[in-house]
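File shown: protein-v4.csv (CSV, C-alpha atoms).
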chain,number,residue,atom,x,y,z
I,1,MET,CA,162.4,11.8,-19.2
I,2,ILE,CA,162.9,8.1,-18.3
I,3,LEU,CA,163.8,5.1,-20.4
I,4,GLY,CA,162.0,2.0,-19.0
I,5,ILE,CA,163.2,-1.6,-19.7
I,6,GLU,CA,161.0,-4.6,-19.0
I,7,THR,CA,162.1,-8.3,-19.4
I,8,SER,CA,160.6,-10.1,-16.5
I,9,CYS,CA,158.7,-12.8,-18.4
I,10,ASP,CA,158.0,-13.2,-22.2
I,11,GLU,CA,157.6,-9.6,-23.4
I,12,THR,CA,160.7,-7.7,-24.4
I,13,ALA,CA,159.8,-4.1,-23.9
I,14,ALA,CA,161.2,-0.5,-23.7
I,15,ALA,CA,159.5,2.9,-23.5
I,16,ILE,CA,160.2,6.6,-23.0
I,17,VAL,CA,158.0,8.3,-20.5
I,18,VAL,CA,158.0,12.0,-19.4
I,19,ARG,CA,156.8,13.2,-16.0
I,20,ASP,CA,156.3,16.9,-15.5
I,21,GLN,CA,156.7,18.8,-12.3
I,22,SER,CA,153.0,18.6,-11.5
I,23,GLY,CA,153.1,14.8,-11.6
I,24,ARG,CA,151.4,14.4,-15.0
I,25,GLY,CA,152.8,11.8,-17.3
I,26,MET,CA,153.1,11.3,-21.1
I,27,ILE,CA,154.2,8.2,-23.0
I,28,SER,CA,156.5,9.2,-25.8
I,29,SER,CA,157.0,5.7,-27.0
I,30,ASN,CA,156.1,2.2,-25.9
I,31,VAL,CA,157.5,-0.8,-27.8
I,32,VAL,CA,156.6,-4.4,-26.8
I,33,ARG,CA,157.7,-7.6,-28.6
I,34,SER,CA,155.7,-10.6,-27.5
I,35,GLN,CA,157.3,-14.0,-27.5
I,36,LEU,CA,154.0,-16.0,-27.9
I,37,ASP,CA,155.2,-17.7,-31.1
I,38,GLU,CA,158.4,-18.9,-29.5
I,39,HIS,CA,156.5,-20.6,-26.6
I,40,ALA,CA,153.3,-21.7,-28.2
I,41,ALA,CA,154.5,-25.2,-29.0
I,42,PHE,CA,155.3,-25.7,-25.3
I,43,GLY,CA,151.9,-24.6,-23.9
I,44,GLY,CA,153.6,-22.0,-21.6
I,45,VAL,CA,156.7,-19.9,-21.1
I,46,VAL,CA,160.0,-21.7,-21.2
I,47,PRO,CA,162.4,-19.5,-19.1
I,48,GLU,CA,165.6,-20.3,-21.0
I,49,LEU,CA,164.0,-19.5,-24.4
I,50,ALA,CA,162.5,-16.3,-22.9
I,51,ALA,CA,166.0,-15.1,-21.7
I,52,ARG,CA,167.6,-15.9,-25.0
I,53,ALA,CA,164.9,-13.9,-26.9
I,54,HIS,CA,165.5,-10.9,-24.6
I,55,VAL,CA,169.2,-11.0,-25.3
I,56,GLU,CA,168.5,-11.1,-29.1
I,57,TRP,CA,165.9,-8.4,-29.2
I,58,LEU,CA,166.3,-6.0,-26.3
I,59,ASP,CA,168.9,-3.7,-28.0
I,60,HIS,CA,166.7,-3.4,-31.0
I,61,ILE,CA,163.6,-2.6,-28.9
I,62,ILE,CA,165.4,0.1,-26.9
I,63,ALA,CA,166.7,1.7,-30.2
I,64,GLN,CA,163.1,1.6,-31.6
I,65,ALA,CA,161.7,3.2,-28.5
I,66,VAL,CA,164.3,6.0,-28.5
I,67,ASP,CA,163.7,6.6,-32.3
I,68,GLU,CA,159.9,6.7,-31.9
I,69,ALA,CA,160.2,9.2,-29.1
I,70,GLY,CA,162.3,11.4,-31.4
I,71,ILE,CA,165.1,11.8,-28.9
I,72,ALA,CA,168.8,10.7,-28.5
I,73,LEU,CA,169.5,8.1,-25.9
I,74,GLU,CA,171.7,10.7,-24.1
I,75,ASP,CA,168.6,12.9,-23.6
I,76,VAL,CA,167.0,10.7,-21.0
I,77,ASP,CA,167.4,11.7,-17.3
I,78,ALA,CA,167.6,8.2,-15.9
I,79,ILE,CA,167.3,4.5,-16.8
I,80,ALA,CA,164.6,2.4,-15.1
I,81,ALA,CA,164.8,-1.4,-15.4
I,82,THR,CA,162.8,-4.2,-13.9
I,83,ALA,CA,164.9,-5.8,-11.2
I,84,GLY,CA,162.2,-8.4,-10.2
I,85,PRO,CA,160.1,-10.3,-9.5
I,86,GLY,CA,160.0,-12.5,-12.5
I,87,LEU,CA,161.9,-15.2,-14.4
I,88,ILE,CA,165.5,-14.6,-13.1
I,89,GLY,CA,167.2,-15.1,-16.5
I,90,GLY,CA,165.0,-12.5,-18.2
I,91,VAL,CA,165.2,-10.1,-15.3
I,92,LEU,CA,169.0,-10.3,-15.4
I,93,VAL,CA,169.1,-9.5,-19.1
I,94,GLY,CA,167.0,-6.3,-18.7
I,95,LEU,CA,168.7,-5.1,-15.5
I,96,THR,CA,172.2,-5.8,-16.8
I,97,THR,CA,171.4,-3.8,-19.9
I,98,GLY,CA,170.0,-1.0,-17.8
I,99,LYS,CA,173.2,-1.0,-15.7
I,100,ALA,CA,175.4,-0.8,-18.8
I,101,LEU,CA,173.4,2.1,-20.2
I,102,ALA,CA,173.5,4.0,-16.9
I,103,ALA,CA,177.2,3.5,-16.6
I,104,SER,CA,178.1,4.4,-20.1
I,105,LEU,CA,175.8,7.4,-20.3
I,106,GLY,CA,176.5,8.6,-16.7
I,107,LYS,CA,172.8,8.5,-15.9
I,108,PRO,CA,171.1,7.4,-12.6
I,109,LEU,CA,169.7,3.8,-12.5
I,110,ILE,CA,166.3,3.0,-10.9
I,111,ALA,CA,165.7,-0.7,-10.1
I,112,VAL,CA,162.0,-1.1,-10.5
I,113,ASN,CA,159.8,-3.6,-8.8
I,114,HIS,CA,157.6,-5.0,-11.6
I,115,LEU,CA,154.6,-5.1,-9.3
I,116,GLU,CA,155.1,-1.4,-8.5
I,117,GLY,CA,154.9,-0.7,-12.2
I,118,HIS,CA,151.5,-2.3,-12.3
I,119,ALA,CA,150.5,-0.5,-9.0
I,120,LEU,CA,151.3,3.0,-10.3
I,121,THR,CA,150.2,2.8,-14.0
I,122,ALA,CA,146.7,4.2,-13.2
I,123,ARG,CA,148.4,7.4,-12.0
I,124,LEU,CA,150.0,7.8,-15.5
I,125,THR,CA,146.8,6.9,-17.4
I,126,ASP,CA,144.0,8.3,-15.2
I,127,GLY,CA,145.7,10.6,-12.7
I,128,VAL,CA,144.6,8.5,-9.7
I,129,GLN,CA,145.5,10.1,-6.4
I,130,PHE,CA,146.7,8.2,-3.3
I,131,PRO,CA,145.4,6.2,-1.5
I,132,TYR,CA,143.6,3.5,-3.6
I,133,LEU,CA,143.1,-0.2,-3.7
I,134,MET,CA,144.8,-2.3,-6.4
I,135,LEU,CA,143.6,-5.7,-7.6
I,136,LEU,CA,146.4,-7.3,-9.5
I,137,VAL,CA,145.3,-10.4,-11.5
I,138,SER,CA,147.9,-11.8,-13.9
I,139,GLY,CA,149.6,-15.0,-14.8
I,140,GLY,CA,151.9,-14.8,-11.8
I,141,HIS,CA,150.0,-12.7,-9.2
I,142,SER,CA,146.5,-12.4,-7.7
I,143,GLN,CA,146.4,-10.0,-4.8
I,144,PHE,CA,144.8,-6.9,-3.2
I,145,VAL,CA,147.2,-4.2,-2.3
I,146,LEU,CA,146.5,-0.9,-0.5
I,147,VAL,CA,148.5,1.8,-2.3
I,148,ARG,CA,149.2,4.6,0.1
I,149,GLY,CA,152.0,6.2,-1.9
I,150,VAL,CA,155.1,5.5,-4.0
I,151,GLY,CA,156.8,2.6,-2.4
I,152,ASP,CA,154.2,2.5,0.4
I,153,TYR,CA,152.1,-0.7,0.0
I,154,GLU,CA,150.1,-2.9,2.3
I,155,ARG,CA,149.1,-6.4,1.0
I,156,TRP,CA,145.6,-7.2,2.1
I,157,GLY,CA,145.2,-10.6,0.5
I,158,GLY,CA,146.5,-12.9,-2.3
I,159,THR,CA,146.4,-16.3,-3.7
I,160,ILE,CA,147.4,-19.3,-1.5
I,161,ASP,CA,148.1,-21.4,-4.6
I,162,ASP,CA,147.6,-20.6,-8.3
I,163,ALA,CA,147.4,-17.1,-9.6
I,164,LEU,CA,144.2,-16.5,-11.6
I,165,GLY,CA,146.0,-16.1,-14.9
I,166,GLU,CA,147.8,-19.4,-14.2
I,167,ALA,CA,144.5,-21.1,-13.5
I,168,PHE,CA,143.2,-19.9,-16.8
I,169,ASP,CA,146.3,-21.2,-18.6
I,170,LYS,CA,146.0,-24.6,-16.9
I,171,VAL,CA,142.3,-25.0,-17.7
I,172,ALA,CA,143.0,-24.0,-21.3
I,173,LYS,CA,145.7,-26.6,-21.6
I,174,LEU,CA,143.4,-29.2,-20.0
I,175,LEU,CA,140.8,-28.4,-22.6
I,176,SER,CA,143.3,-28.2,-25.5
I,177,LEU,CA,142.5,-24.6,-26.2
I,178,GLY,CA,146.0,-23.4,-26.7
I,179,HIS,CA,148.2,-20.6,-25.1
I,180,PRO,CA,147.7,-18.0,-23.7
I,181,GLY,CA,144.8,-19.5,-21.8
I,182,GLY,CA,142.8,-16.4,-20.7
I,183,PRO,CA,141.7,-15.3,-24.2
I,184,ALA,CA,141.2,-18.9,-25.3
I,185,VAL,CA,138.9,-19.8,-22.4
I,186,GLU,CA,137.0,-16.5,-22.7
I,187,ARG,CA,136.3,-17.1,-26.5
I,188,ILE,CA,134.9,-20.6,-26.0
I,189,ALA,CA,133.0,-19.7,-22.8
I,190,VAL,CA,130.8,-17.4,-24.8
I,191,LYS,CA,129.3,-20.5,-26.6
I,192,GLY,CA,128.8,-22.4,-23.3
I,193,ASP,CA,126.2,-22.8,-20.6
I,194,PRO,CA,127.7,-21.5,-17.3
I,195,SER,CA,124.9,-23.2,-15.3
I,196,ARG,CA,125.5,-26.7,-16.6
I,197,PHE,CA,128.4,-27.4,-14.1
I,198,LYS,CA,128.4,-25.9,-10.6
I,199,PHE,CA,132.1,-25.7,-9.9
I,200,PRO,CA,133.3,-24.8,-6.3
I,201,ARG,CA,134.1,-21.3,-5.2
I,202,PRO,CA,137.0,-21.9,-2.8
I,203,LEU,CA,137.2,-19.7,0.4
I,204,LEU,CA,134.2,-17.6,-0.8
I,205,ARG,CA,132.4,-17.9,2.6
I,206,GLU,CA,135.5,-16.6,4.5
I,207,ARG,CA,136.0,-13.0,5.2
I,208,ARG,CA,139.8,-12.9,4.5
I,209,LEU,CA,140.7,-11.4,1.2
I,210,ASP,CA,142.6,-14.4,-0.1
I,211,PHE,CA,142.1,-16.5,-3.3
I,212,SER,CA,142.4,-20.2,-4.0
I,213,PHE,CA,142.1,-21.6,-7.5
I,214,SER,CA,143.8,-24.9,-7.2
I,215,GLY,CA,140.7,-26.8,-6.0
I,216,LEU,CA,138.6,-25.2,-8.7
I,217,LYS,CA,141.1,-26.2,-11.3
I,218,THR,CA,141.0,-29.8,-10.0
I,219,ALA,CA,137.2,-29.9,-10.1
I,220,VAL,CA,137.4,-28.8,-13.8
I,221,ARG,CA,139.9,-31.6,-14.5
I,222,LEU,CA,137.8,-34.2,-12.8
I,223,GLN,CA,134.7,-33.1,-14.7
I,224,ALA,CA,136.6,-33.2,-18.0
I,225,GLU,CA,137.9,-36.7,-17.3
I,226,ALA,CA,134.4,-37.9,-16.4
I,227,LEU,CA,133.0,-36.7,-19.7
I,228,ALA,CA,135.9,-37.8,-21.9
I,229,PRO,CA,136.0,-37.8,-24.9
I,230,LEU,CA,134.7,-34.2,-24.8
I,231,SER,CA,132.4,-32.7,-27.4
I,232,GLU,CA,132.8,-29.1,-28.5
I,233,GLN,CA,129.8,-28.2,-26.4
I,234,ASP,CA,131.2,-30.0,-23.4
I,235,VAL,CA,134.4,-27.9,-23.7
I,236,ALA,CA,132.4,-24.7,-24.0
I,237,ASP,CA,130.2,-25.5,-21.0
I,238,ILE,CA,133.2,-26.4,-18.8
I,239,ALA,CA,134.9,-23.2,-19.8
I,240,ALA,CA,131.8,-21.2,-19.1
I,241,GLY,CA,131.3,-22.8,-15.7
I,242,PHE,CA,134.9,-22.2,-14.8
I,243,GLN,CA,134.8,-18.5,-15.9
I,244,ALA,CA,131.5,-18.0,-14.0
I,245,ALA,CA,133.2,-19.4,-10.8
I,246,VAL,CA,136.2,-17.2,-11.0
I,247,THR,CA,134.1,-14.2,-11.9
I,248,GLU,CA,131.9,-14.6,-8.8
I,249,ILE,CA,135.0,-15.1,-6.6
I,250,VAL,CA,136.8,-12.0,-7.9
I,251,ALA,CA,133.6,-9.9,-7.6
I,252,LYS,CA,132.8,-11.0,-4.1
I,253,ARG,CA,136.4,-10.5,-2.9
I,254,SER,CA,136.5,-7.0,-4.5
I,255,HIS,CA,133.3,-6.1,-2.7
I,256,GLN,CA,134.8,-7.2,0.6
I,257,ALA,CA,138.0,-5.3,-0.1
I,258,LEU,CA,136.1,-2.1,-0.8
I,259,GLU,CA,134.2,-2.6,2.4
I,260,ARG,CA,137.5,-2.7,4.3
I,261,PHE,CA,138.8,0.3,2.5
I,262,ARG,CA,135.7,2.3,3.5
I,263,ALA,CA,136.1,1.2,7.1
I,264,GLU,CA,139.8,1.9,7.4
I,265,LEU,CA,140.1,5.0,5.3
I,266,PRO,CA,136.7,6.8,5.8
I,267,GLU,CA,138.0,10.1,4.5
I,268,ALA,CA,139.4,8.7,1.2
I,269,GLU,CA,137.5,8.3,-2.0
I,270,PRO,CA,137.1,4.5,-2.5
I,271,GLN,CA,138.9,3.6,-5.7
I,272,LEU,CA,139.7,0.1,-7.2
I,273,VAL,CA,142.5,0.0,-9.7
I,274,VAL,CA,142.7,-3.2,-11.7
I,275,ALA,CA,146.0,-4.3,-13.3
I,276,GLY,CA,147.3,-7.4,-15.0
I,277,GLY,CA,146.3,-9.3,-18.1
I,278,VAL,CA,143.2,-10.9,-16.6
I,279,ALA,CA,141.7,-7.4,-16.6
I,280,ALA,CA,141.0,-8.0,-20.3
I,281,ASN,CA,138.4,-10.6,-19.5
I,282,ARG,CA,135.0,-9.0,-20.2
I,283,ALA,CA,133.0,-11.2,-17.8
I,284,ILE,CA,135.3,-10.3,-14.9
I,285,ALA,CA,135.4,-6.6,-15.9
I,286,THR,CA,131.6,-6.5,-16.0
I,287,ALA,CA,131.4,-8.1,-12.6
I,288,LEU,CA,133.9,-5.6,-11.2
I,289,GLU,CA,131.9,-2.7,-12.6
I,290,THR,CA,128.8,-4.0,-10.8
I,291,ALA,CA,130.7,-4.5,-7.5
I,292,THR,CA,132.3,-1.0,-7.5
I,293,ARG,CA,129.0,0.6,-8.4
I,294,GLU,CA,127.3,-1.1,-5.5
I,295,MET,CA,130.0,0.2,-3.2
I,296,GLY,CA,129.9,3.7,-4.6
I,297,ALA,CA,133.5,3.3,-5.6
I,298,ARG,CA,135.5,4.4,-8.7
I,299,LEU,CA,136.7,1.6,-10.9
I,300,VAL,CA,139.9,2.4,-12.9
I,301,VAL,CA,141.2,0.0,-15.5
I,302,PRO,CA,144.1,1.3,-17.6
I,303,PRO,CA,144.2,0.5,-21.3
I,304,ILE,CA,144.7,-3.2,-21.7
I,305,ALA,CA,148.1,-2.7,-23.4
I,306,LEU,CA,149.3,-1.0,-20.2
I,307,CYS,CA,147.7,-3.7,-17.9
I,308,THR,CA,149.9,-6.4,-19.4
I,309,ASP,CA,153.7,-6.2,-19.1
I,310,ASN,CA,155.2,-3.2,-20.9
I,311,GLY,CA,158.1,-0.7,-20.7
I,312,ALA,CA,155.9,2.3,-20.0
I,313,MET,CA,154.8,1.1,-16.6
I,314,VAL,CA,158.5,0.5,-15.7
I,315,ALA,CA,159.5,3.9,-16.9
I,316,TRP,CA,156.6,5.6,-15.0
I,317,ALA,CA,157.4,3.8,-11.8
I,318,GLY,CA,161.0,4.9,-12.3
I,319,ALA,CA,159.9,8.5,-12.9
I,320,GLU,CA,157.7,8.5,-9.8
I,321,ARG,CA,160.7,7.2,-7.7
I,322,PHE,CA,163.2,9.5,-9.4
I,323,ALA,CA,161.0,12.6,-8.7
I,324,LEU,CA,161.3,11.7,-5.0
I,325,GLY,CA,165.1,11.3,-5.1
I,326,ALA,CA,165.2,7.5,-5.1
I,327,THR,CA,167.9,5.9,-7.3
I,328,ASP,CA,170.0,2.8,-7.1
I,329,GLY,CA,173.7,1.8,-7.4
I,330,LEU,CA,175.1,-0.5,-10.0
I,331,ALA,CA,175.4,-3.2,-7.4
I,332,VAL,CA,171.7,-3.7,-7.1
I,333,GLU,CA,170.7,-7.3,-7.6
I,334,ALA,CA,168.0,-9.0,-9.6
I,335,ARG,CA,165.3,-10.7,-7.5
I,336,PRO,CA,163.1,-13.6,-8.6
I,337,ARG,CA,160.7,-12.8,-5.7
I,338,TRP,CA,160.1,-9.3,-4.5
I,339,PRO,CA,156.7,-8.7,-2.7
I,340,LEU,CA,155.5,-5.1,-2.7
I,341,ASP,CA,155.5,-5.0,1.1
I,342,THR,CA,159.1,-6.0,1.3
I,343,PRO,CA,161.1,-3.7,3.8
I,344,GLY,CA,163.0,-1.1,1.9
I,345,MET,CA,160.4,-0.4,-0.7
I,346,LYS,CA,159.4,2.9,0.8
I,347,VAL,CA,161.2,5.9,-0.7
I,348,ASP,CA,162.3,7.1,2.8
I,349,ASP,CA,163.8,3.7,3.6
I,350,HIS,CA,165.5,3.7,0.2
I,351,ALA,CA,167.0,7.1,0.8
I,352,ALA,CA,168.3,6.0,4.2
Turn this file's structure into structure tokens for me.
Amino acid sequence: MILGIETSCDETAAAIVVRDQSGRGMISSNVVRSQLDEHAAFGGVVPELAARAHVEWLDHIIAQAVDEAGIALEDVDAIAATAGPGLIGGVLVGLTTGKALAASLGKPLIAVNHLEGHALTARLTDGVQFPYLMLLVSGGHSQFVLVRGVGDYERWGGTIDDALGEAFDKVAKLLSLGHPGGPAVERIAVKGDPSRFKFPRPLLRERRLDFSFSGLKTAVRLQAEALAPLSEQDVADIAAGFQAAVTEIVAKRSHQALERFRAELPEAEPQLVVAGGVAANRAIATALETATREMGARLVVPPIALCTDNGAMVAWAGAERFALGATDGLAVEARPRWPLDTPGMKVDDHAA
């Protein structure tokens, strides 16, 4: 039974997750407090405000998670807390709280890589078996990762500039659609004509599994400036054209990634796990369904509440590591950057 704490960005979250001896998991509680209202006026997350909100709310969120699970805090077997990557002020709040609880309760501490939380969630929700391919598309990350096992990751490609969620946010801000940008762009795009503007598809003709969204974002800006002042239909058409471009890019890259998976792991079932808030976009989800079907692959998308930042994914990643004997000392440090393929992520390396 693991308490998970997540404070890497603008969600203050805590959860209690149980993992049985067979590896099956159950979420006993999962409490998330969003900070959207605090940051809305600024058009994006303000790190200092986020950290202060975590300080104010984290104790209450943990208490609520424990109460909803119907346990006492002393009943947990270990404390798992995000140690990075993320906004360093927020990460410090959650990790320091986790250390304090571990020390006062005499419980082991597991310092969780936030990205590993995303990578392993499908094992909690859908019982996915290793190996599988993960597509992480969020506000801070866009990458393909081969997941061979707990702590065993191989990065196959990523963004060379903006993350996809970041591109959605910037386009939404450009079009005065508000924050968060992903849902705002998707809502208005439904009313638009995706064929009116032919925006570029950067890197699409290349075989490497990398993304680039900066040039696309610039093309959107130039088009908006050329049409200013924008009518409501102009905004809808630009949003639809942008969404069509990123949907084609993500679908094509996913098809290529699954081709590589089949070639390099011919004995494994091809599986694509999607994580991150952009997974909520229906146009992208539909395109991924088509791409995986064409490749004869299984598409796994956990419930959207577990694709975005939450404590359950941190608790589950902690439970998976704890089951293999991997824990951390109280001297473990917070990391603003922490790629999944960083040396030391493997459980064997960790134990050594």
Next item on the list: Name the residues in contact with range 151-167 of chain I at a cut-off of 7 Å, using all atoms listed in the file, excluding same-chain residues fewer than 3 positions from it; report them as a list of chain:residue names.
Entry: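 Near neighbours after the sequence-gap exclusion: I:Val137, I:Ser138, I:Gly139, I:Gly140, I:His141, I:Ser142, I:Gln143, I:Phe144, I:Val145, I:Leu146, I:Val147, I:Arg148, I:Lys170, I:Val171, I:Gly182, I:Leu209, I:Asp210, I:Phe211, I:Ser212, I:Phe213, I:Ser214, I:Lys217, I:Val278, I:Leu340, I:Asp341, I:Met345, I:Lys346, I:Val347.
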Note to self: So that I can check the surroundings of range 253-265 of chain I, please list as a list of chain:residue names every protein, DNA and RNA residue that reaches within 8 Å of it, counting only C-alpha atoms and ignoring chain neighbours fewer than 6 positions away.
What the structure shows: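 Skipping anything fewer than 6 positions along the chain leaves I:Leu133, I:Leu135, I:Phe144, I:Leu204, I:Arg207, I:Leu209, I:Asp210, I:Leu272, I:Leu288, I:Ala291, I:Thr292, I:Met295, I:Ala297.
Minimum atom-to-atom distance to Ile88 in chain I, evaluated using only C-alpha atoms, belongs to I:Pro47 out of I:Pro47, I:Gly311, I:Gly181, I:Gly215.
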Notebook entry, point to check: For Ala312 in chain I, which residue out of I:Arg208, I:His114, I:Arg298, I:Lys173 is the nearest one, using only C-alpha atoms?
Noted result: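 Ranked by minimum distance to Ala312 in chain I, first place goes to I:His114.
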Checklist line | Gap from CA of Ala83 in chain I to CA of Leu120 in chain I - Å, one decimal | finding: 16.2 Å
Checklist line | Straight-line distance linking CA of Arg337 in chain I with CA of Val32 in chain I, stated in Å to one decimal | finding: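 Distance reported for this atom pair: 23.1 Å.
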Notebook entry, point to check: What's the 8 Å shell around Ala245 in chain I, counting all atoms listed in the file, without same-chain residues fewer than 5 positions away, as a ChimeraX atom specification?
Noted result: /I:199-201
Take the selection from the previous step and output its residues with C-alpha atoms, as a PDB file, in the coordinates of the input.
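As a result, again.pdb now contains:
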ATOM      1  CA  PHE I 199     132.100 -25.700  -9.900  1.00  0.00           C
ATOM      2  CA  PRO I 200     133.300 -24.800  -6.300  1.00  0.00           C
ATOM      3  CA  ARG I 201     134.100 -21.300  -5.200  1.00  0.00           C
TER       4      ARG I 201
END
Checklist line | Coordinates-based distance that separates CA of Glu289 in chain I from CA of Ala240 in chain I (Å, one decimal) | finding: 19.6 Å
Check: So which one's closest to Asp328 in chain I, I:Met1, I:Ala111, I:Val76, I:Val235? Using all atoms listed in the file, please.
Finding: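 Of I:Met1, I:Ala111, I:Val76, I:Val235, the one nearest Asp328 in chain I is I:Ala111, counting all atoms listed in the file.
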Find the residues around Arg321 in chain I up to 9 Å (all atoms listed in the file counted), leave out those fewer than 4 positions away in its own chain, and share them as a short mmCIF file (atom, residue, chain, number, x, y, z; two decimals) with C-alpha atoms, keeping the file's coordinate frame.
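Output file around26.cif follows:
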data_model
loop_
_atom_site.label_atom_id
_atom_site.label_comp_id
_atom_site.auth_asym_id
_atom_site.auth_seq_id
_atom_site.Cartn_x
_atom_site.Cartn_y
_atom_site.Cartn_z
CA ILE I 110 166.30 3.00 -10.90
CA VAL I 112 162.00 -1.10 -10.50
CA VAL I 150 155.10 5.50 -4.00
CA GLY I 151 156.80 2.60 -2.40
CA TRP I 316 156.60 5.60 -15.00
CA ALA I 317 157.40 3.80 -11.80
CA GLY I 325 165.10 11.30 -5.10
CA ALA I 326 165.20 7.50 -5.10
CA THR I 327 167.90 5.90 -7.30
CA VAL I 347 161.20 5.90 -0.70
#
Would you kindly place N, CA and C atoms on range 229-249 of chain I and return the model as a tab-separated table (two decimals), keeping the file's coordinate frame?
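result_32.tsv was written with the following content:
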chain	number	residue	atom	x	y	z
I	229	PRO	N	135.40	-38.86	-24.08
I	229	PRO	CA	136.00	-37.80	-24.90
I	229	PRO	C	134.99	-36.57	-24.91
I	230	LEU	N	135.56	-35.37	-24.84
I	230	LEU	CA	134.70	-34.20	-24.80
I	230	LEU	C	134.25	-33.72	-26.14
I	231	SER	N	132.97	-33.37	-26.18
I	231	SER	CA	132.40	-32.70	-27.40
I	231	SER	C	132.78	-31.25	-27.35
I	232	GLU	N	132.58	-30.57	-28.45
I	232	GLU	CA	132.80	-29.10	-28.50
I	232	GLU	C	131.94	-28.39	-27.50
I	233	GLN	N	130.68	-28.87	-27.35
I	233	GLN	CA	129.80	-28.20	-26.40
I	233	GLN	C	130.20	-28.50	-24.97
I	234	ASP	N	130.72	-29.71	-24.70
I	234	ASP	CA	131.20	-30.00	-23.40
I	234	ASP	C	132.34	-29.01	-22.99
I	235	VAL	N	133.26	-28.80	-23.92
I	235	VAL	CA	134.40	-27.90	-23.70
I	235	VAL	C	133.86	-26.48	-23.41
I	236	ALA	N	132.91	-26.03	-24.20
I	236	ALA	CA	132.40	-24.70	-24.00
I	236	ALA	C	131.66	-24.54	-22.68
I	237	ASP	N	130.90	-25.58	-22.29
I	237	ASP	CA	130.20	-25.50	-21.00
I	237	ASP	C	131.13	-25.54	-19.83
I	238	ILE	N	132.18	-26.35	-19.91
I	238	ILE	CA	133.20	-26.40	-18.80
I	238	ILE	C	133.86	-25.05	-18.70
I	239	ALA	N	134.26	-24.48	-19.84
I	239	ALA	CA	134.90	-23.20	-19.80
I	239	ALA	C	134.01	-22.11	-19.26
I	240	ALA	N	132.73	-22.15	-19.65
I	240	ALA	CA	131.80	-21.20	-19.10
I	240	ALA	C	131.56	-21.31	-17.65
I	241	GLY	N	131.50	-22.57	-17.17
I	241	GLY	CA	131.30	-22.80	-15.70
I	241	GLY	C	132.52	-22.36	-14.94
I	242	PHE	N	133.72	-22.62	-15.46
I	242	PHE	CA	134.90	-22.20	-14.80
I	242	PHE	C	134.99	-20.64	-14.74
I	243	GLN	N	134.71	-20.00	-15.86
I	243	GLN	CA	134.80	-18.50	-15.90
I	243	GLN	C	133.73	-17.92	-14.96
I	244	ALA	N	132.54	-18.54	-14.88
I	244	ALA	CA	131.50	-18.00	-14.00
I	244	ALA	C	131.97	-18.13	-12.52
I	245	ALA	N	132.67	-19.22	-12.20
I	245	ALA	CA	133.20	-19.40	-10.80
I	245	ALA	C	134.19	-18.34	-10.47
I	246	VAL	N	135.19	-18.14	-11.31
I	246	VAL	CA	136.20	-17.20	-11.00
I	246	VAL	C	135.68	-15.75	-10.98
I	247	THR	N	134.71	-15.49	-11.85
I	247	THR	CA	134.10	-14.20	-11.90
I	247	THR	C	133.38	-13.86	-10.57
I	248	GLU	N	132.64	-14.83	-10.07
I	248	GLU	CA	131.90	-14.60	-8.80
I	248	GLU	C	132.94	-14.45	-7.65
I	249	ILE	N	134.01	-15.22	-7.67
I	249	ILE	CA	135.00	-15.10	-6.60
I	249	ILE	C	135.67	-13.72	-6.61
